[in-house]
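**Q** Mind having a look at this structure? Questions to follow.
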Amino acid sequence: MISTPDYIHDIRADFPILQTKIHNKPLVYFDNAATTQKPKIVIDRIRDYYENENANIHRGVHHLSQVATQDYENARSRIQKYIGAAKSEEIIFTKGTTDGINLVASSFGALLKEGDEILISAMEHHSNIVPWQLLADSKKLQLKVIPIHKDGTLIMDAFDQLLSEKTKLVSITHISNTLGTINPIESIISKSHAVGAKVLIDGAQSIQHGDIDVSSLNCDFFVFSGHKIFGPTGIGVLYGKEKLLEEMPPYQGGGDMIKNVSFEKTTFNELPFKFEAGTPNIIGGIALGTAIEYIESIDRKSAFDYEKTLLEYAEKELLKIEDVQVFGNSSEKTSLVSFNVGSIHPFDLGTLLDKQGIAVRTGHHCTQPLMDFYNIPGTIRASFSIYNTVEEVDLFLDALRRAITVLS
Ligand SMILES: Cc1ncc(COP(=O)(O)O)c(C=O)c1O
């Protein structure tokens with residue numbers, strides 16, 4: 001029998017929404033792979049900014065503009081240090097993971113030529129599939145897909161075979177949002193570099209479950225969304241190696257990304273501003289910095305280890321329920337479990353769980369090719385974070401048993 005450590009209860013107390021009742025039942029929030037809840041410090045920072053600091057950044061001589069600029073740039077530096085980037089110029093603020101991947105597809109993609117190849121995997125989120133399909137269509141590139149085993153792990157022999165001198169980019173998720181599989185990105189990065197290919201890591205799911213060090217990983221790009229690491233929606237980060245970002249043309253044109261504009265010729269601003277056209281999500285960036293400050297303030301090694309224990313417990317207990325089938329059985333897996341129960345439609349189970357206050361996700365999780373691979377319409381996904389408790393897992397299991405009884 002495991003129990004929830006006191007420090008998890010302390011973390012939990014920092015997240016006001018977790019005290020909410022849904023349909024008169026205590027909220028059990030198990031949809032953390034979709035988005036995480038926000039600690040009070042982040043919520044307060046947003047209010048404080050609008051009450052005391054609001055101004056546009058980078059162009060004002062007045063006091064408020066300078067304060068806001070300083071806070072925005074401090075957030076960039078904090079994020080840079082948190083993910084181990086060498087310079088703050090390598091941290092580009094984006095709208096999120098999707099936006100970061102589209103930026104790379106557009107700007108790095110501009111450097112590619114007909115016949116060049118891009119490799120993705122069969123477990124990618126749509127946002128790491130569709131931008132490459134659009135690019136491949138417009139530039140006559142080849143998009144190739146690394147297949148997976150039934151247990152939800154990559155077929156690494158197939159990866160070795162697909163990789164060649166023609167491969168210019170390998171764009172792969174660190175952790176599958178549907179299966180929880182942690183991919184062997186260290187080996188993927190070194191093998192890709194050996195043939196001269198660059199590597200983009202989709203860190204949407206990994207950013208909240210472990211420490212990331214882009215320098216020791218040696219990836220060329222790393223993208224994530226702020227809302228998946230206790231920050232607001234509408235803000236994210238693209239990390240890119242400085243040399244590569246220098247070589248890439250701008251993504252969008254507009255204010256802030258230019259040095260000089262005339263009708264004859266425009267020169268572009270230096271990094272990171274070259275990729276940040278227009279007024280950015282200023283408070284988004286600042287509050288993401290606050291979210292990182294929050295995660296730095298807790299004992300995250302223990303919290304991340306605890307998440308693994310919680311997953312193991314949930315999976316073990318779930319498998320005791322008749323007809324439960326879990327998708328994603330890698331030995332390297334993180335805090336989510338995707339499953340179906342017999343022939344019950346995931347949507348029906350999700351609806352009955354919601355009535356009991358349990359928030360899980362049902363459906364294809366933006367990974368339709370993966371659903372086709374397993375020949376299922378969708379799954380129920382329970383995804384955990386550092387504030388979830390053993391008691392909540394028990395509530396979820398009880399609610400699930402009741403729902404199954406109703407639907408069987
Ligand atoms: C693995 C993965 N990639 C990309 C995304 C897209 O993230 P966003 O919608 O924040 O841009 C998600 C979101 O769930 C994800 O889980």
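Residues are named by chain letter and number: chains run A, B, ... in the order of the structure tokens, numbers start at 1 in each chain, and ligands are numbered from 1 in the order shown.
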Please identify the residues whose atoms come within 6 Å of ligand 1, using only C-alpha atoms and all ligand atoms, and report them as a VMD selection string.

**A** chain A and resid 34 96 to 98 125 127 173 176 to 177 202 204 to 205 225

**Q** Find the residues near range 75-82 of chain A: any atom within 7 Å, counting only C-alpha atoms, skip ones fewer than 5 places away on the same chain, and give them as a list in words.

**A** Lys87, Ser88, Ile91, Gly285, Ile286, Gly289 and Ile292 of chain A

**Q** Suppose we keep all heavy atoms; can you now write the selection as a PDB file, in the first residue's frame?

**A**
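Generated output (selection25.pdb):
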ATOM      1  N   LYS A  87      22.726  30.191 -24.280  1.00  0.00           N
ATOM      2  CA  LYS A  87      22.497  31.641 -24.348  1.00  0.00           C
ATOM      3  C   LYS A  87      21.013  31.958 -24.377  1.00  0.00           C
ATOM      4  O   LYS A  87      20.227  31.179 -24.936  1.00  0.00           O
ATOM      5  CB  LYS A  87      23.089  32.202 -25.644  1.00  0.00           C
ATOM      6  CG  LYS A  87      24.568  32.090 -25.760  1.00  0.00           C
ATOM      7  CD  LYS A  87      24.982  32.647 -27.095  1.00  0.00           C
ATOM      8  CE  LYS A  87      26.488  32.859 -27.109  1.00  0.00           C
ATOM      9  NZ  LYS A  87      26.930  33.475 -28.335  1.00  0.00           N
ATOM     10  N   SER A  88      20.641  33.132 -23.876  1.00  0.00           N
ATOM     11  CA  SER A  88      19.217  33.491 -23.913  1.00  0.00           C
ATOM     12  C   SER A  88      18.772  33.808 -25.347  1.00  0.00           C
ATOM     13  O   SER A  88      17.582  33.748 -25.660  1.00  0.00           O
ATOM     14  CB  SER A  88      18.920  34.655 -22.974  1.00  0.00           C
ATOM     15  OG  SER A  88      19.596  35.790 -23.401  1.00  0.00           O
ATOM     16  N   ILE A  91      16.589  31.203 -26.970  1.00  0.00           N
ATOM     17  CA  ILE A  91      15.228  30.973 -26.462  1.00  0.00           C
ATOM     18  C   ILE A  91      14.269  31.892 -27.213  1.00  0.00           C
ATOM     19  O   ILE A  91      14.274  33.113 -27.024  1.00  0.00           O
ATOM     20  CB  ILE A  91      15.154  31.279 -24.944  1.00  0.00           C
ATOM     21  CG1 ILE A  91      16.159  30.423 -24.168  1.00  0.00           C
ATOM     22  CG2 ILE A  91      13.722  31.092 -24.416  1.00  0.00           C
ATOM     23  CD1 ILE A  91      15.934  28.923 -24.249  1.00  0.00           C
ATOM     24  N   GLY A 285       4.924  35.256 -21.205  1.00  0.00           N
ATOM     25  CA  GLY A 285       6.353  34.997 -21.011  1.00  0.00           C
ATOM     26  C   GLY A 285       6.757  35.190 -19.551  1.00  0.00           C
ATOM     27  O   GLY A 285       7.448  34.350 -18.961  1.00  0.00           O
ATOM     28  N   ILE A 286       6.279  36.304 -18.969  1.00  0.00           N
ATOM     29  CA  ILE A 286       6.649  36.598 -17.576  1.00  0.00           C
ATOM     30  C   ILE A 286       6.103  35.504 -16.646  1.00  0.00           C
ATOM     31  O   ILE A 286       6.808  34.994 -15.769  1.00  0.00           O
ATOM     32  CB  ILE A 286       6.117  37.992 -17.156  1.00  0.00           C
ATOM     33  CG1 ILE A 286       6.815  39.078 -17.978  1.00  0.00           C
ATOM     34  CG2 ILE A 286       6.313  38.226 -15.659  1.00  0.00           C
ATOM     35  CD1 ILE A 286       6.269  40.497 -17.758  1.00  0.00           C
ATOM     36  N   GLY A 289       7.927  32.347 -16.750  1.00  0.00           N
ATOM     37  CA  GLY A 289       9.111  32.482 -15.883  1.00  0.00           C
ATOM     38  C   GLY A 289       8.755  32.202 -14.427  1.00  0.00           C
ATOM     39  O   GLY A 289       9.490  31.525 -13.702  1.00  0.00           O
ATOM     40  N   ILE A 292       8.319  28.532 -13.848  1.00  0.00           N
ATOM     41  CA  ILE A 292       9.630  27.861 -13.726  1.00  0.00           C
ATOM     42  C   ILE A 292      10.212  28.134 -12.327  1.00  0.00           C
ATOM     43  O   ILE A 292      10.770  27.236 -11.683  1.00  0.00           O
ATOM     44  CB  ILE A 292      10.612  28.357 -14.827  1.00  0.00           C
ATOM     45  CG1 ILE A 292      10.043  28.112 -16.230  1.00  0.00           C
ATOM     46  CG2 ILE A 292      12.000  27.735 -14.656  1.00  0.00           C
ATOM     47  CD1 ILE A 292       9.986  26.698 -16.707  1.00  0.00           C
TER      48      ILE A 292
END

**Q** Please, which residues of range 7-242 of chain A, numbered as in this document, come out alpha helix (DSSP H) from DSSP, as a PyMOL selection string?

**A** chain A and resi 7-13+40-52+63-82+97-107+130-139+156-162+185-194+214-217+242

**Q** Store the residues picked out above, limited to C-alpha atoms, as a short mmCIF file (atom, residue, chain, number, x, y, z; two decimals), in the first residue's frame.

**A**
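Below you can see result_7.cif, which holds the result:
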data_model
loop_
_atom_site.label_atom_id
_atom_site.label_comp_id
_atom_site.auth_asym_id
_atom_site.auth_seq_id
_atom_site.Cartn_x
_atom_site.Cartn_y
_atom_site.Cartn_z
CA TYR A 7 5.33 17.29 0.50
CA ILE A 8 2.82 16.36 -2.22
CA HIS A 9 0.01 17.67 -0.01
CA ASP A 10 2.04 20.89 0.39
CA ILE A 11 2.43 21.22 -3.40
CA ARG A 12 -1.26 20.50 -3.83
CA ALA A 13 -2.17 23.36 -1.51
CA LYS A 40 -1.31 30.66 -6.98
CA ILE A 41 2.05 32.36 -7.54
CA VAL A 42 1.46 32.26 -11.33
CA ILE A 43 -2.15 33.45 -11.03
CA ASP A 44 -1.06 36.30 -8.73
CA ARG A 45 1.73 37.30 -11.10
CA ILE A 46 -0.75 37.71 -13.95
CA ARG A 47 -3.05 39.91 -11.87
CA ASP A 48 -0.11 41.91 -10.52
CA TYR A 49 1.22 42.57 -14.03
CA TYR A 50 -2.06 43.99 -15.27
CA GLU A 51 -2.65 45.97 -12.10
CA ASN A 52 0.83 47.45 -11.80
CA HIS A 63 9.28 53.49 -16.77
CA LEU A 64 6.51 50.90 -17.15
CA SER A 65 7.78 49.79 -20.53
CA GLN A 66 11.26 49.33 -19.14
CA VAL A 67 10.01 47.33 -16.15
CA ALA A 68 7.90 45.08 -18.37
CA THR A 69 10.82 44.61 -20.80
CA GLN A 70 13.14 43.71 -17.96
CA ASP A 71 10.69 41.18 -16.51
CA TYR A 72 10.04 39.61 -19.91
CA GLU A 73 13.78 39.27 -20.61
CA ASN A 74 14.44 37.97 -17.08
CA ALA A 75 11.85 35.26 -17.74
CA ARG A 76 13.70 34.34 -20.94
CA SER A 77 16.97 34.02 -19.01
CA ARG A 78 15.32 31.91 -16.31
CA ILE A 79 13.92 29.54 -18.95
CA GLN A 80 17.30 29.44 -20.69
CA LYS A 81 19.00 28.33 -17.48
CA TYR A 82 16.22 25.90 -16.57
CA THR A 97 4.65 23.59 -29.10
CA THR A 98 2.57 23.69 -32.27
CA ASP A 99 3.76 27.19 -33.07
CA GLY A 100 7.40 26.21 -32.42
CA ILE A 101 7.20 23.25 -34.79
CA ASN A 102 5.54 25.39 -37.47
CA LEU A 103 8.28 27.98 -37.06
CA VAL A 104 10.97 25.36 -37.65
CA ALA A 105 9.01 23.80 -40.54
CA SER A 106 8.77 27.19 -42.19
CA SER A 107 12.22 28.62 -41.47
CA VAL A 130 0.88 18.11 -40.34
CA PRO A 131 3.49 20.94 -40.54
CA TRP A 132 5.90 18.44 -42.15
CA GLN A 133 3.25 17.19 -44.57
CA LEU A 134 2.57 20.78 -45.65
CA LEU A 135 6.28 21.42 -46.06
CA ALA A 136 6.89 18.13 -47.89
CA ASP A 137 4.07 18.93 -50.33
CA SER A 138 5.25 22.44 -51.07
CA LYS A 139 8.95 21.60 -51.42
CA MET A 156 14.88 1.20 -33.63
CA ASP A 157 16.15 -1.14 -36.37
CA ALA A 158 13.68 0.49 -38.74
CA PHE A 159 14.93 3.91 -37.63
CA ASP A 160 18.51 2.83 -38.45
CA GLN A 161 17.39 1.76 -41.91
CA LEU A 162 15.37 4.88 -42.63
CA ILE A 185 16.21 10.47 -27.77
CA GLU A 186 19.91 10.43 -26.76
CA SER A 187 20.56 7.58 -29.18
CA ILE A 188 18.29 9.12 -31.85
CA ILE A 189 20.19 12.41 -31.61
CA SER A 190 23.65 10.87 -31.87
CA LYS A 191 22.70 8.56 -34.75
CA SER A 192 21.02 11.42 -36.61
CA HIS A 193 24.03 13.68 -36.17
CA ALA A 194 26.27 10.92 -37.52
CA VAL A 214 19.33 20.77 -24.11
CA SER A 215 23.10 21.23 -24.05
CA SER A 216 23.89 17.75 -22.80
CA LEU A 217 21.15 16.27 -25.00
CA GLU A 242 22.37 29.72 -32.19
#

**Q** Quick one: distance from CA of Gln37 in chain A to CA of Ile321 in chain A in Å, one decimal?

**A** 29.1 Å

**Q** So, counting only C-alpha atoms, which residue among A:Val237, A:Leu143, A:Ile358, A:Val199 is closest to Asn281 in chain A?

**A**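 Among the listed residues, the smallest separation from Asn281 in chain A belongs to A:Val237.
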
**Q** For His149 in chain A, which of A:Asn269, A:Thr309, A:Asn388, A:Ser330 is the closest residue, counting only C-alpha atoms?

**A**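 Counting only C-alpha atoms, the residue closest to His149 in chain A is A:Ser330.
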
**Q** Would you mind listing what lies within 10 Å of Ile258 in chain A as a list in words, with only C-alpha atoms counted and same-chain residues fewer than 3 positions away left out?

**A** Pro250, Gly253, Gly254, Gly255, Val261, Thr266, Thr267, Phe268, Asn269, Glu270, Phe273, Lys274, Phe275, Glu276 and Ala277 of chain A

**Q** Provide the CA of Gly109 in chain A to CA of Tyr239 in chain A distance in Å, to one decimal place.

**A**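 Interatomic distance here is 16.3 Å.
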
**Q** So that I can see what lies close to Ile172 in chain A, please list as a list in words the residues with an atom at most 8 Å from it, counting only C-alpha atoms and leaving out residues fewer than 3 positions away in the same chain.

**A**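 Final neighbour list, sorted by chain and number: Leu119, Ile120, Ser121, Glu124, Asn128, Val199, Leu200, Ile201 and Asp202 of chain A.
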
**Q** So which one's closest to Gly234 in chain A, A:Gly363, A:Lys95, A:Gly210, A:Thr153? Using only C-alpha atoms, please.

**A**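 Using only C-alpha atoms, Gly234 in chain A sits closest to A:Lys95.
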
**Q** Which of these, A:Glu312, A:Glu332, A:Glu53, A:Asp14, has the shortest distance to Ile182 in chain A once you count only C-alpha atoms?

**A**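 Of all the options, A:Glu332 lies closest to Ile182 in chain A.
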
**Q** Which is closer to Gly180 in chain A than all the others in A:Lys308, A:Lys25, A:Arg401, A:Arg300, using only C-alpha atoms?

**A**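 Among the listed residues, A:Lys308 lies closest to Gly180 in chain A.
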
**Q** Range 110-114 of chain A: which residues within 8 Å, counting only C-alpha atoms, same-chain residues fewer than 6 positions away excluded, as a PyMOL selection string?

**A** chain A and resi 139-141+168+248-249

**Q** Put those residues in a file: N, CA and C atoms, as a PDB file, in the first residue's frame.

**A**
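This is the output file selection.pdb:
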ATOM      1  N   LYS A 139       7.554  21.599 -50.967  1.00  0.00           N
ATOM      2  CA  LYS A 139       8.955  21.600 -51.418  1.00  0.00           C
ATOM      3  C   LYS A 139       9.414  20.269 -52.000  1.00  0.00           C
ATOM      4  N   LYS A 140       8.447  19.377 -52.224  1.00  0.00           N
ATOM      5  CA  LYS A 140       8.770  18.050 -52.794  1.00  0.00           C
ATOM      6  C   LYS A 140       9.820  17.306 -51.960  1.00  0.00           C
ATOM      7  N   LEU A 141       9.560  17.270 -50.653  1.00  0.00           N
ATOM      8  CA  LEU A 141      10.440  16.520 -49.749  1.00  0.00           C
ATOM      9  C   LEU A 141       9.781  15.168 -49.469  1.00  0.00           C
ATOM     10  N   LYS A 168      17.466  15.125 -43.463  1.00  0.00           N
ATOM     11  CA  LYS A 168      17.932  16.456 -43.036  1.00  0.00           C
ATOM     12  C   LYS A 168      17.406  16.813 -41.647  1.00  0.00           C
ATOM     13  N   MET A 248      18.745  30.451 -40.376  1.00  0.00           N
ATOM     14  CA  MET A 248      17.352  30.337 -40.810  1.00  0.00           C
ATOM     15  C   MET A 248      16.743  31.705 -41.103  1.00  0.00           C
ATOM     16  N   PRO A 249      15.937  31.809 -42.167  1.00  0.00           N
ATOM     17  CA  PRO A 249      15.265  33.087 -42.431  1.00  0.00           C
ATOM     18  C   PRO A 249      14.153  33.319 -41.402  1.00  0.00           C
TER      19      PRO A 249
END

**Q** So which bits of range 162-394 of chain A end up strand (DSSP E) when you DSSP the backbone, as a ChimeraX atom specification?

**A** /A:167-173,198-202,221-225,236-240,258-261,266-268,324-327,336-341,358-359,361-363,379-383

**Q** May I have the residues within 8 Å of Ala382 in chain A as a list in words, using only C-alpha atoms and disregarding those fewer than 3 positions away in the same chain?

**A**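 Skipping anything fewer than 3 positions along the chain leaves Phe30, Asp31, Leu336, Val337, Ser338, Val360 and Arg361 of chain A.
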
**Q** My list of candidates is A:Ile380, A:Leu245, A:Ile17, A:Ile175. Which is closest to His209 in chain A when distances are computed with only C-alpha atoms?

**A**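 Among the listed residues, A:Ile175 lies closest to His209 in chain A.
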
**Q** Could you tell me how far CA of Tyr306 in chain A sits from CA of His364 in chain A, in Å to one decimal place?

**A**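 Distance reported for this atom pair: 27.4 Å.
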